[in-house]
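Student: Supplied in structure tokens, the structure appears directly below.
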Amino acid sequence: MQRNECNGCPLASKAVYGYGNERAPVMLIGEAPGEREVASGIPFVGKAGKELDGLLKRAGIDRESLYITNVVKCRPPGNRKPKKDEIARCLPLLKEEIRMVKPGIIALLGSTAIESFLGKMSLDKYHGTFVDHFFISYHPSMAFYGKREIMAKDFEKLAMAERALRAEKRLLLLDYDGTLVPITKNPEDAVLREKGKEILKRLKDEVIIVTGRSMRSIKSVLDLDLPVVANHGFEFYRVKEPEERFDQYRETVKRLYEHFNGMKTKGVVVEDKTFGIALHYRNADEGEFFDEFRRMLEGLDLDNMHIEYGKKIVEFRPDEGWNKGKVVQFLLSENSCLCIYIGDDNSDEPAFEAVGDRGITIAVGRRETKARYLFKDHEEVLSFLSILAGGEYDIL
Ligand code: URA
């Protein structure tokens with residue numbers, strides 16, 4: 001690599017530059033070299049480096065596949081933290097490394113690396129998450145201070161992203177509400193904003209939206225030309241059979257809609273989804289809603305419909321119908337690629353099961369789930385998707 005001239009900060013001495021695969025999908029950035037690193041000219045070969053090796057090995061990441069570097073290239077006396085001015089003067093060298101390697105993900109390890117790009121953030125809160133183009137975790141030396149197991153989990157997530165980046169062909173199945181947009185007070189306000197739209201446009205050949213909303217409803221908040229499977233699979237651009245078979249349920253849907261539309265609990269919205277009905281209670285008192293709901297259910301003939309409980313929503317859906325698990329099975333039978341399913345709702349659980357070991361399953365903001373990985377919120381989803389979409393780093 002062509003090195004820029006050092007900008008002559010007070011640390012300037014024997015510099016240790018980044019090392020590894022100059023086409024790496026993942027770049028790791030630590031703080032500064034220590035004594036062993038200066039002696040060998042390679043980052044992370046001392047005590048913290050051994051910890052890093054252990055974490056990479058556990059996560060199944062090959063060290064040789066990575067590019068590993070530090071925020072500052074010269075050793076601060078006594079291994080103290082580099083100062084602001086030292087970081088600022090060394091940053092052009094790091095940016096040059098990023099421009100050269102063009103990594104898909106940059107993992108910032110520890111507060112010095114994080115603060116150099118993102119400002120102050122609580123590591124206890126954000127470790128193991130994707131933020132913009134970055135993945136955040138503790139510095140490997142924190143393994144000595146009780147963070148080893150936490151970091152091992154973080155590195156599993158990093159390995160997942162590396163796998164997703166390396167895949168030749170991907171199928172991204174994305175739920176909408178709570179996954180790409182926050183859950184809003186009114187469903188019609190959950191409009192995908194410009195940033196999300198830009199990311200999805202770049203991924204348009206890989207993405208299918210899989211939502212419980214009706215087609216009409218999802219189109220009103222997602223103004224993009226993407227394939228959409230709506231109504232839990234009842235409105236499926238590829239499969240007409242569920243719609244065709246729906247006639248037998250029409251009467252029941254109408255009857256249930258009229259029955260529940262008379263609900264007294266304030267804030268409840270009763271939606272005719274054509275292929276079922278939904279009771280939205282996110283703006284209602286939950287106790288009051290369920291009291292009234294149970295009373296209204298007594299003696300009610302559901303015919304060939306059943307009840308499903310989602311996030312602040314109760315739905316009546318046809319018994320033999322589709323669910324997101326069946327949608328996934330269908331799509332996987334047509335595609336041989338790495339399937340990544342991201343969702344936040346109970347109705348995504350059958351989809352997680354259907355993907356199983358054939359792909360990557362990510363639950364958003366859930367704890368009790370069959371998904372293999374957890375994301376904090378829709379912002380983390382968008383950060384992850386922007387990593388998959390590639391593109392320029394705005395930090396350069
Ligand atoms: N700690 C770092 O941050 N970098 C190294 O290269 C070694 C230890």
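Here, A, B, ... name the chains of the structure tokens in the order displayed, residue numbers run from 1 inside each chain, and ligands are numbered from 1 in the same displayed order.
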Hey, which residues come within 7 Å of ligand 1 if we count only C-alpha atoms and all ligand atoms? Could you give them as a PyMOL selection string?
Tutor: chain A and resi 30-34+37+43-46+48-49+69-70+139
Student: Create the file for the chosen residues now, containing N, CA and C atoms and written as an mmCIF file, in the first residue's frame.
Tutor:
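Produced file selection.cif, reproduced below:
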data_model
loop_
_atom_site.group_PDB
_atom_site.id
_atom_site.type_symbol
_atom_site.label_atom_id
_atom_site.label_comp_id
_atom_site.auth_asym_id
_atom_site.auth_seq_id
_atom_site.Cartn_x
_atom_site.Cartn_y
_atom_site.Cartn_z
ATOM 1 N N GLY A 30 -8.795 -1.022 15.786
ATOM 2 C CA GLY A 30 -8.535 -0.949 17.222
ATOM 3 C C GLY A 30 -8.108 0.461 17.606
ATOM 4 N N GLU A 31 -7.231 0.557 18.599
ATOM 5 C CA GLU A 31 -6.872 1.888 19.120
ATOM 6 C C GLU A 31 -5.487 2.332 18.622
ATOM 7 N N ALA A 32 -4.476 1.624 19.120
ATOM 8 C CA ALA A 32 -3.092 2.000 18.798
ATOM 9 C C ALA A 32 -2.212 0.777 19.012
ATOM 10 N N PRO A 33 -1.077 0.702 18.320
ATOM 11 C CA PRO A 33 -0.203 -0.458 18.536
ATOM 12 C C PRO A 33 0.444 -0.412 19.918
ATOM 13 N N GLY A 34 0.760 -1.578 20.431
ATOM 14 C CA GLY A 34 1.517 -1.676 21.679
ATOM 15 C C GLY A 34 2.943 -2.075 21.352
ATOM 16 N N GLU A 37 3.395 -5.017 18.918
ATOM 17 C CA GLU A 37 2.993 -4.640 17.557
ATOM 18 C C GLU A 37 4.106 -3.828 16.898
ATOM 19 N N PRO A 43 -0.462 -5.218 13.543
ATOM 20 C CA PRO A 43 -1.404 -4.904 14.629
ATOM 21 C C PRO A 43 -1.928 -6.166 15.316
ATOM 22 N N PHE A 44 -2.267 -6.003 16.550
ATOM 23 C CA PHE A 44 -2.920 -7.051 17.342
ATOM 24 C C PHE A 44 -2.166 -8.389 17.330
ATOM 25 N N VAL A 45 -0.917 -8.344 17.774
ATOM 26 C CA VAL A 45 -0.168 -9.593 17.932
ATOM 27 C C VAL A 45 0.223 -9.834 19.397
ATOM 28 N N GLY A 46 -0.074 -8.851 20.254
ATOM 29 C CA GLY A 46 0.263 -9.001 21.667
ATOM 30 C C GLY A 46 -0.880 -9.655 22.438
ATOM 31 N N ALA A 48 -3.752 -8.397 23.679
ATOM 32 C CA ALA A 48 -5.094 -8.129 23.147
ATOM 33 C C ALA A 48 -5.294 -8.873 21.827
ATOM 34 N N GLY A 49 -4.203 -9.002 21.081
ATOM 35 C CA GLY A 49 -4.278 -9.725 19.811
ATOM 36 C C GLY A 49 -4.636 -11.182 20.002
ATOM 37 N N THR A 69 -6.502 -2.911 11.525
ATOM 38 C CA THR A 69 -5.670 -1.713 11.676
ATOM 39 C C THR A 69 -6.022 -0.970 12.970
ATOM 40 N N ASN A 70 -5.440 0.176 13.169
ATOM 41 C CA ASN A 70 -5.677 0.978 14.377
ATOM 42 C C ASN A 70 -5.982 2.425 14.027
ATOM 43 N N HIS A 139 -13.231 -3.068 22.859
ATOM 44 C CA HIS A 139 -11.850 -3.366 22.492
ATOM 45 C C HIS A 139 -11.515 -4.770 23.021
#
Student: As a list of chain:residue names, list the residues of segment 37-222 of chain A assigned to strand (DSSP E or B) by DSSP on the backbone atoms of this structure.
Tutor: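 DSSP on the backbone gives strand (DSSP E or B) at A:Tyr67, A:Ile68, A:Thr69, A:Asn70, A:Ile105, A:Ile106, A:Ala107, A:Leu108, A:Leu109, A:Thr129, A:Phe130, A:Val131, A:Phe134, A:Phe135, A:Ile136, A:Ser137, A:Arg170, A:Leu171, A:Leu172, A:Leu173, A:Leu174, A:Asp177, A:Val181, A:Val207, A:Ile208, A:Ile209, A:Val210.
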Student: Store the residues picked out above in a file with N, CA and C atoms, as a compact mmCIF listing (two decimals), in the first residue's frame.
Tutor:
# COMPACT_ATOMS: atom_id res chain seq x y z
N TYR A 67 -8.98 -7.20 7.20
CA TYR A 67 -7.96 -6.18 7.23
C TYR A 67 -8.03 -5.57 8.63
N ILE A 68 -6.90 -5.60 9.35
CA ILE A 68 -6.91 -5.15 10.75
C ILE A 68 -5.98 -3.94 10.90
N THR A 69 -6.50 -2.91 11.52
CA THR A 69 -5.67 -1.71 11.68
C THR A 69 -6.02 -0.97 12.97
N ASN A 70 -5.44 0.18 13.17
CA ASN A 70 -5.68 0.98 14.38
C ASN A 70 -5.98 2.43 14.03
N ILE A 105 -17.95 -3.74 5.73
CA ILE A 105 -18.23 -3.37 7.13
C ILE A 105 -16.94 -2.94 7.79
N ILE A 106 -17.08 -1.93 8.61
CA ILE A 106 -15.96 -1.54 9.47
C ILE A 106 -16.37 -1.83 10.91
N ALA A 107 -15.61 -2.69 11.57
CA ALA A 107 -15.91 -2.97 12.98
C ALA A 107 -15.04 -2.07 13.84
N LEU A 108 -15.70 -1.23 14.61
CA LEU A 108 -14.98 -0.31 15.50
C LEU A 108 -14.87 -1.00 16.86
N LEU A 109 -13.63 -1.28 17.27
CA LEU A 109 -13.44 -2.02 18.52
C LEU A 109 -12.95 -1.06 19.61
N THR A 129 -23.98 -3.98 17.78
CA THR A 129 -25.01 -3.46 16.86
C THR A 129 -24.36 -2.83 15.63
N PHE A 130 -25.17 -2.72 14.58
CA PHE A 130 -24.74 -2.02 13.38
C PHE A 130 -25.22 -0.58 13.47
N VAL A 131 -24.31 0.35 13.24
CA VAL A 131 -24.66 1.77 13.22
C VAL A 131 -24.03 2.35 11.95
N PHE A 134 -21.01 0.85 10.22
CA PHE A 134 -20.12 0.30 11.23
C PHE A 134 -20.77 -0.81 12.05
N PHE A 135 -19.90 -1.67 12.59
CA PHE A 135 -20.32 -2.60 13.63
C PHE A 135 -19.53 -2.21 14.86
N ILE A 136 -20.20 -2.29 16.00
CA ILE A 136 -19.58 -1.75 17.22
C ILE A 136 -19.38 -2.85 18.26
N SER A 137 -18.17 -2.90 18.81
CA SER A 137 -17.98 -3.80 19.96
C SER A 137 -16.88 -3.22 20.86
N ARG A 170 -28.40 -13.38 -2.82
CA ARG A 170 -29.16 -13.30 -1.57
C ARG A 170 -30.62 -13.06 -1.87
N LEU A 171 -31.45 -13.52 -0.93
CA LEU A 171 -32.87 -13.20 -0.97
C LEU A 171 -33.18 -12.54 0.37
N LEU A 172 -33.58 -11.27 0.32
CA LEU A 172 -33.83 -10.54 1.57
C LEU A 172 -35.34 -10.45 1.77
N LEU A 173 -35.85 -11.16 2.74
CA LEU A 173 -37.28 -11.13 3.03
C LEU A 173 -37.49 -10.23 4.24
N LEU A 174 -38.23 -9.15 4.02
CA LEU A 174 -38.32 -8.13 5.07
C LEU A 174 -39.76 -7.85 5.44
N ASP A 177 -43.72 -3.19 9.19
CA ASP A 177 -43.92 -2.42 10.44
C ASP A 177 -43.02 -2.97 11.56
N VAL A 181 -39.73 0.36 9.54
CA VAL A 181 -40.21 1.64 10.10
C VAL A 181 -40.62 1.38 11.54
N VAL A 207 -34.76 -7.91 -2.73
CA VAL A 207 -35.72 -7.74 -1.63
C VAL A 207 -37.14 -8.18 -2.00
N ILE A 208 -37.79 -8.83 -1.07
CA ILE A 208 -39.24 -9.04 -1.14
C ILE A 208 -39.80 -8.61 0.22
N ILE A 209 -40.83 -7.78 0.20
CA ILE A 209 -41.47 -7.37 1.45
C ILE A 209 -42.52 -8.42 1.79
N VAL A 210 -42.50 -8.88 3.04
CA VAL A 210 -43.47 -9.89 3.49
C VAL A 210 -44.21 -9.28 4.69
Student: Given only C-alpha atoms as the basis, pick out the residue of A:Gly343, A:Gly262, A:Gly18, A:Pro182 nearest to Met296 of chain A.
Tutor: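 Smallest separation from Met296 of chain A among the options: A:Gly262.
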Student: Rounded to one decimal in Å, what is the spacing between atom CA of Lys169 of chain A and atom CA of Lys195 of chain A?
Tutor: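 Separation between atom CA of Lys169 of chain A and atom CA of Lys195 of chain A: 23.8 Å.
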Student: So how many Å separate atom CA of Leu94 of chain A and atom CA of Ser383 of chain A, to one decimal?
Tutor: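 Interatomic distance, atom CA of Leu94 of chain A to atom CA of Ser383 of chain A: 21.7 Å.
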Student: Tell me which protein, DNA and RNA residues are within 9 Å of segment 89-92 of chain A, counting only C-alpha atoms, leaving out same-chain ones fewer than 6 positions away, and put them as a VMD selection string.
Tutor: chain A and resid 4 6 to 9 71 to 73 116 396
Student: Choose the residue, out of A:Glu206, A:Leu55, A:Leu224, A:Leu11, that has the smallest atom-to-atom separation from Ala143 of chain A; count only C-alpha atoms.
Tutor: A:Leu55
Student: Mind checking which residues fall within 10 Å of Tyr393 of chain A, counting only C-alpha atoms, ignoring those fewer than 2 positions away in the same chain, and posting them as a list of chain:residue names?
Tutor: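 What passes the distance filter is A:Lys95, A:Ile98, A:Arg99, A:Lys102, A:Pro103, A:Gly104, A:Asp132, A:His133, A:Gly390, A:Gly391, A:Ile395, A:Leu396.
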Student: Using only C-alpha atoms, determine which residues lie at most 12 Å from segment 324-329 of chain A, disregarding the query and same-chain residues fewer than 5 positions distant; provide the list as a PyMOL selection string.
Tutor: chain A and resi 171-175+208-213+228-239+242+334-336+339-343+345-356+358-359+361
Student: Let's have the selection written as a PDB file, in the first residue's frame, with C-alpha atoms.
Tutor:
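The file below, selection20.pdb, is the result:
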ATOM      1  CA  LEU A 171     -32.873 -13.200  -0.974  1.00  0.00           C
ATOM      2  CA  LEU A 172     -33.833 -10.540   1.565  1.00  0.00           C
ATOM      3  CA  LEU A 173     -37.281 -11.130   3.031  1.00  0.00           C
ATOM      4  CA  LEU A 174     -38.320  -8.127   5.065  1.00  0.00           C
ATOM      5  CA  ASP A 175     -41.311  -7.523   7.255  1.00  0.00           C
ATOM      6  CA  ILE A 208     -39.242  -9.040  -1.144  1.00  0.00           C
ATOM      7  CA  ILE A 209     -41.470  -7.372   1.455  1.00  0.00           C
ATOM      8  CA  VAL A 210     -43.469  -9.889   3.491  1.00  0.00           C
ATOM      9  CA  THR A 211     -46.156  -8.149   5.514  1.00  0.00           C
ATOM     10  CA  GLY A 212     -49.354  -8.805   7.372  1.00  0.00           C
ATOM     11  CA  ARG A 213     -50.845  -5.576   5.994  1.00  0.00           C
ATOM     12  CA  VAL A 228     -44.671  -7.490  -1.955  1.00  0.00           C
ATOM     13  CA  VAL A 229     -46.341 -10.465  -0.321  1.00  0.00           C
ATOM     14  CA  ALA A 230     -49.225  -8.934   1.635  1.00  0.00           C
ATOM     15  CA  ASN A 231     -51.904 -10.185   4.012  1.00  0.00           C
ATOM     16  CA  HIS A 232     -49.604 -12.934   5.364  1.00  0.00           C
ATOM     17  CA  GLY A 233     -49.496 -14.525   1.908  1.00  0.00           C
ATOM     18  CA  PHE A 234     -53.107 -14.092   0.847  1.00  0.00           C
ATOM     19  CA  GLU A 235     -52.036 -11.404  -1.572  1.00  0.00           C
ATOM     20  CA  PHE A 236     -49.016 -12.941  -3.203  1.00  0.00           C
ATOM     21  CA  TYR A 237     -47.745 -11.675  -6.555  1.00  0.00           C
ATOM     22  CA  ARG A 238     -46.581 -15.192  -7.454  1.00  0.00           C
ATOM     23  CA  VAL A 239     -49.445 -17.306  -6.168  1.00  0.00           C
ATOM     24  CA  PRO A 242     -55.111 -18.180  -1.925  1.00  0.00           C
ATOM     25  CA  GLU A 334     -37.878 -21.360  -6.095  1.00  0.00           C
ATOM     26  CA  ASN A 335     -34.588 -19.797  -5.081  1.00  0.00           C
ATOM     27  CA  SER A 336     -31.244 -21.270  -4.234  1.00  0.00           C
ATOM     28  CA  CYS A 339     -32.097 -16.223   2.520  1.00  0.00           C
ATOM     29  CA  ILE A 340     -32.064 -13.456   5.114  1.00  0.00           C
ATOM     30  CA  TYR A 341     -35.367 -12.967   6.918  1.00  0.00           C
ATOM     31  CA  ILE A 342     -35.866  -9.935   9.179  1.00  0.00           C
ATOM     32  CA  GLY A 343     -39.038  -9.387  11.205  1.00  0.00           C
ATOM     33  CA  ASP A 345     -43.753  -9.703  14.957  1.00  0.00           C
ATOM     34  CA  ASN A 346     -45.210 -12.960  16.296  1.00  0.00           C
ATOM     35  CA  SER A 347     -46.354 -13.635  12.751  1.00  0.00           C
ATOM     36  CA  ASP A 348     -42.691 -13.735  11.666  1.00  0.00           C
ATOM     37  CA  GLU A 349     -41.926 -16.704  13.927  1.00  0.00           C
ATOM     38  CA  PRO A 350     -43.192 -19.346  11.429  1.00  0.00           C
ATOM     39  CA  ALA A 351     -40.972 -17.650   8.834  1.00  0.00           C
ATOM     40  CA  PHE A 352     -37.947 -17.912  11.120  1.00  0.00           C
ATOM     41  CA  GLU A 353     -38.679 -21.609  11.527  1.00  0.00           C
ATOM     42  CA  ALA A 354     -39.105 -22.095   7.808  1.00  0.00           C
ATOM     43  CA  VAL A 355     -35.745 -20.469   7.061  1.00  0.00           C
ATOM     44  CA  GLY A 356     -33.998 -22.448   9.814  1.00  0.00           C
ATOM     45  CA  ARG A 358     -30.924 -22.445   5.266  1.00  0.00           C
ATOM     46  CA  GLY A 359     -30.296 -18.811   5.926  1.00  0.00           C
ATOM     47  CA  THR A 361     -32.920 -15.103  10.727  1.00  0.00           C
TER      48      THR A 361
END
Student: Where does DSSP see helix (DSSP H, G or I) in segment 237-353 of chain A, if you list the residues as a VMD selection string?
Tutor: chain A and resid 241 to 260 286 to 297 324 to 334 346 to 353
Student: Grab the residues selected above and save them as a compact mmCIF listing (two decimals), in the first residue's frame with C-alpha atoms.
Tutor:
# COMPACT_ATOMS: atom_id res chain seq x y z
CA GLU A 241 -54.49 -19.72 -5.37
CA PRO A 242 -55.11 -18.18 -1.92
CA GLU A 243 -57.10 -15.32 -3.46
CA GLU A 244 -59.05 -17.73 -5.64
CA ARG A 245 -59.91 -19.95 -2.71
CA PHE A 246 -61.04 -17.04 -0.64
CA ASP A 247 -64.68 -16.98 -1.67
CA GLN A 248 -65.64 -19.46 1.03
CA TYR A 249 -64.51 -17.01 3.74
CA ARG A 250 -66.09 -13.84 2.45
CA GLU A 251 -69.33 -14.13 4.42
CA THR A 252 -67.53 -14.86 7.70
CA VAL A 253 -65.18 -11.89 7.23
CA LYS A 254 -68.13 -9.61 6.61
CA ARG A 255 -69.99 -10.91 9.66
CA LEU A 256 -66.92 -10.62 11.95
CA TYR A 257 -66.18 -7.12 10.69
CA GLU A 258 -69.70 -5.94 11.44
CA HIS A 259 -69.63 -7.59 14.86
CA PHE A 260 -66.31 -6.07 16.02
CA GLU A 286 -55.06 -2.90 26.65
CA GLY A 287 -56.97 -4.27 29.66
CA GLU A 288 -60.19 -2.64 28.58
CA PHE A 289 -59.73 -3.88 25.02
CA PHE A 290 -59.20 -7.51 26.02
CA ASP A 291 -62.11 -7.44 28.51
CA GLU A 292 -64.45 -6.30 25.80
CA PHE A 293 -62.86 -8.55 23.17
CA ARG A 294 -63.38 -11.66 25.32
CA ARG A 295 -66.99 -10.71 25.99
CA MET A 296 -67.61 -10.22 22.30
CA LEU A 297 -66.03 -13.57 21.49
CA LYS A 324 -45.38 -16.10 6.53
CA GLY A 325 -43.81 -19.54 7.11
CA LYS A 326 -45.59 -20.94 4.09
CA VAL A 327 -44.58 -17.89 2.07
CA VAL A 328 -40.93 -18.54 2.94
CA GLN A 329 -41.23 -22.24 2.07
CA PHE A 330 -42.65 -21.31 -1.31
CA LEU A 331 -39.97 -18.71 -2.04
CA LEU A 332 -37.15 -20.99 -0.92
CA SER A 333 -38.41 -23.75 -3.18
CA GLU A 334 -37.88 -21.36 -6.09
CA ASN A 346 -45.21 -12.96 16.30
CA SER A 347 -46.35 -13.63 12.75
CA ASP A 348 -42.69 -13.73 11.67
CA GLU A 349 -41.93 -16.70 13.93
CA PRO A 350 -43.19 -19.35 11.43
CA ALA A 351 -40.97 -17.65 8.83
CA PHE A 352 -37.95 -17.91 11.12
CA GLU A 353 -38.68 -21.61 11.53
Student: Name all residues at most 10 Å from Leu222 of chain A (count only C-alpha atoms; drop same-chain ones fewer than 5 positions away) and give them as a VMD selection string.
Tutor: chain A and resid 176 190 to 193 197 209 217 228
Student: Pull all heavy atoms from the residues just selected and write them as a short mmCIF file (atom, residue, chain, number, x, y, z; two decimals), in the first residue's frame.
Tutor:
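Final file, again-v6.cif:
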data_model
loop_
_atom_site.label_atom_id
_atom_site.label_comp_id
_atom_site.auth_asym_id
_atom_site.auth_seq_id
_atom_site.Cartn_x
_atom_site.Cartn_y
_atom_site.Cartn_z
N TYR A 176 -42.41 -5.34 7.36
CA TYR A 176 -42.43 -3.87 7.21
C TYR A 176 -42.52 -3.16 8.57
O TYR A 176 -41.54 -2.66 9.08
CB TYR A 176 -43.59 -3.46 6.29
CG TYR A 176 -43.57 -1.99 5.99
CD1 TYR A 176 -42.62 -1.45 5.12
CD2 TYR A 176 -44.47 -1.12 6.60
CE1 TYR A 176 -42.57 -0.09 4.87
CE2 TYR A 176 -44.43 0.24 6.35
CZ TYR A 176 -43.48 0.75 5.48
OH TYR A 176 -43.43 2.10 5.23
N ALA A 190 -46.91 5.22 9.17
CA ALA A 190 -45.64 4.46 9.12
C ALA A 190 -45.09 4.46 7.70
O ALA A 190 -44.92 3.42 7.07
CB ALA A 190 -45.87 3.03 9.62
N VAL A 191 -44.77 5.65 7.22
CA VAL A 191 -44.28 5.81 5.84
C VAL A 191 -42.77 5.63 5.83
O VAL A 191 -42.08 6.17 6.68
CB VAL A 191 -44.66 7.22 5.31
CG1 VAL A 191 -44.07 7.46 3.93
CG2 VAL A 191 -46.17 7.38 5.30
N LEU A 192 -42.28 4.87 4.86
CA LEU A 192 -40.83 4.69 4.76
C LEU A 192 -40.18 5.98 4.27
O LEU A 192 -40.55 6.51 3.24
CB LEU A 192 -40.49 3.54 3.79
CG LEU A 192 -39.02 3.16 3.72
CD1 LEU A 192 -38.54 2.55 5.03
CD2 LEU A 192 -38.74 2.21 2.57
N ARG A 193 -39.22 6.46 5.04
CA ARG A 193 -38.59 7.74 4.72
C ARG A 193 -37.50 7.57 3.64
O ARG A 193 -37.13 6.47 3.29
CB ARG A 193 -37.95 8.36 5.97
CG ARG A 193 -38.92 8.56 7.09
CD ARG A 193 -39.59 9.94 7.04
NE ARG A 193 -40.75 9.94 7.93
CZ ARG A 193 -41.99 10.16 7.56
NH1 ARG A 193 -42.29 10.37 6.29
NH2 ARG A 193 -42.98 10.14 8.43
N LYS A 197 -35.79 4.33 1.70
CA LYS A 197 -36.15 4.12 0.30
C LYS A 197 -34.89 3.97 -0.56
O LYS A 197 -34.81 3.10 -1.42
CB LYS A 197 -36.95 5.32 -0.22
CG LYS A 197 -38.43 5.23 0.02
CD LYS A 197 -39.02 6.51 -0.47
CE LYS A 197 -40.32 6.40 -1.13
NZ LYS A 197 -40.85 7.67 -1.56
N ILE A 209 -40.83 -7.78 0.20
CA ILE A 209 -41.47 -7.37 1.45
C ILE A 209 -42.52 -8.42 1.79
O ILE A 209 -43.33 -8.81 0.94
CB ILE A 209 -42.15 -5.99 1.29
CG1 ILE A 209 -41.15 -4.93 0.81
CG2 ILE A 209 -42.85 -5.57 2.58
CD1 ILE A 209 -40.05 -4.57 1.78
N SER A 217 -53.03 -1.35 1.95
CA SER A 217 -52.45 -0.63 3.07
C SER A 217 -50.92 -0.49 2.92
O SER A 217 -50.36 0.58 3.17
CB SER A 217 -52.83 -1.37 4.35
OG SER A 217 -52.01 -1.01 5.40
N VAL A 228 -44.10 -7.48 -3.31
CA VAL A 228 -44.67 -7.49 -1.95
C VAL A 228 -45.58 -8.71 -1.80
O VAL A 228 -46.41 -8.98 -2.65
CB VAL A 228 -45.52 -6.22 -1.71
CG1 VAL A 228 -46.20 -6.29 -0.34
CG2 VAL A 228 -44.66 -4.97 -1.79
#
Student: Pick the closest to Ile199 of chain A from A:Leu382, A:Lys273, A:Lys14, A:Pro82: which is it, counting only C-alpha atoms?
Tutor: A:Leu382
Student: What is the distance between atom CA of Val314 of chain A and atom CA of Tyr281 of chain A, in Å to one decimal?
Tutor: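 Distance between the two atoms: 8.1 Å.
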Student: Nearest residue to Ala278 of chain A out of A:Glu308, A:Asp357, A:Asp303, A:Asp223, using only C-alpha atoms?
Tutor: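 That would be A:Glu308, the residue with the smallest distance to Ala278 of chain A.
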Student: Give me the residues near Ala363 of chain A as a PyMOL selection string, where near means some atom within 7 Å (using only C-alpha atoms) and where sequence neighbours in that chain fewer than 3 positions away do not count.
Tutor: chain A and resi 342-344+366+371+373-375
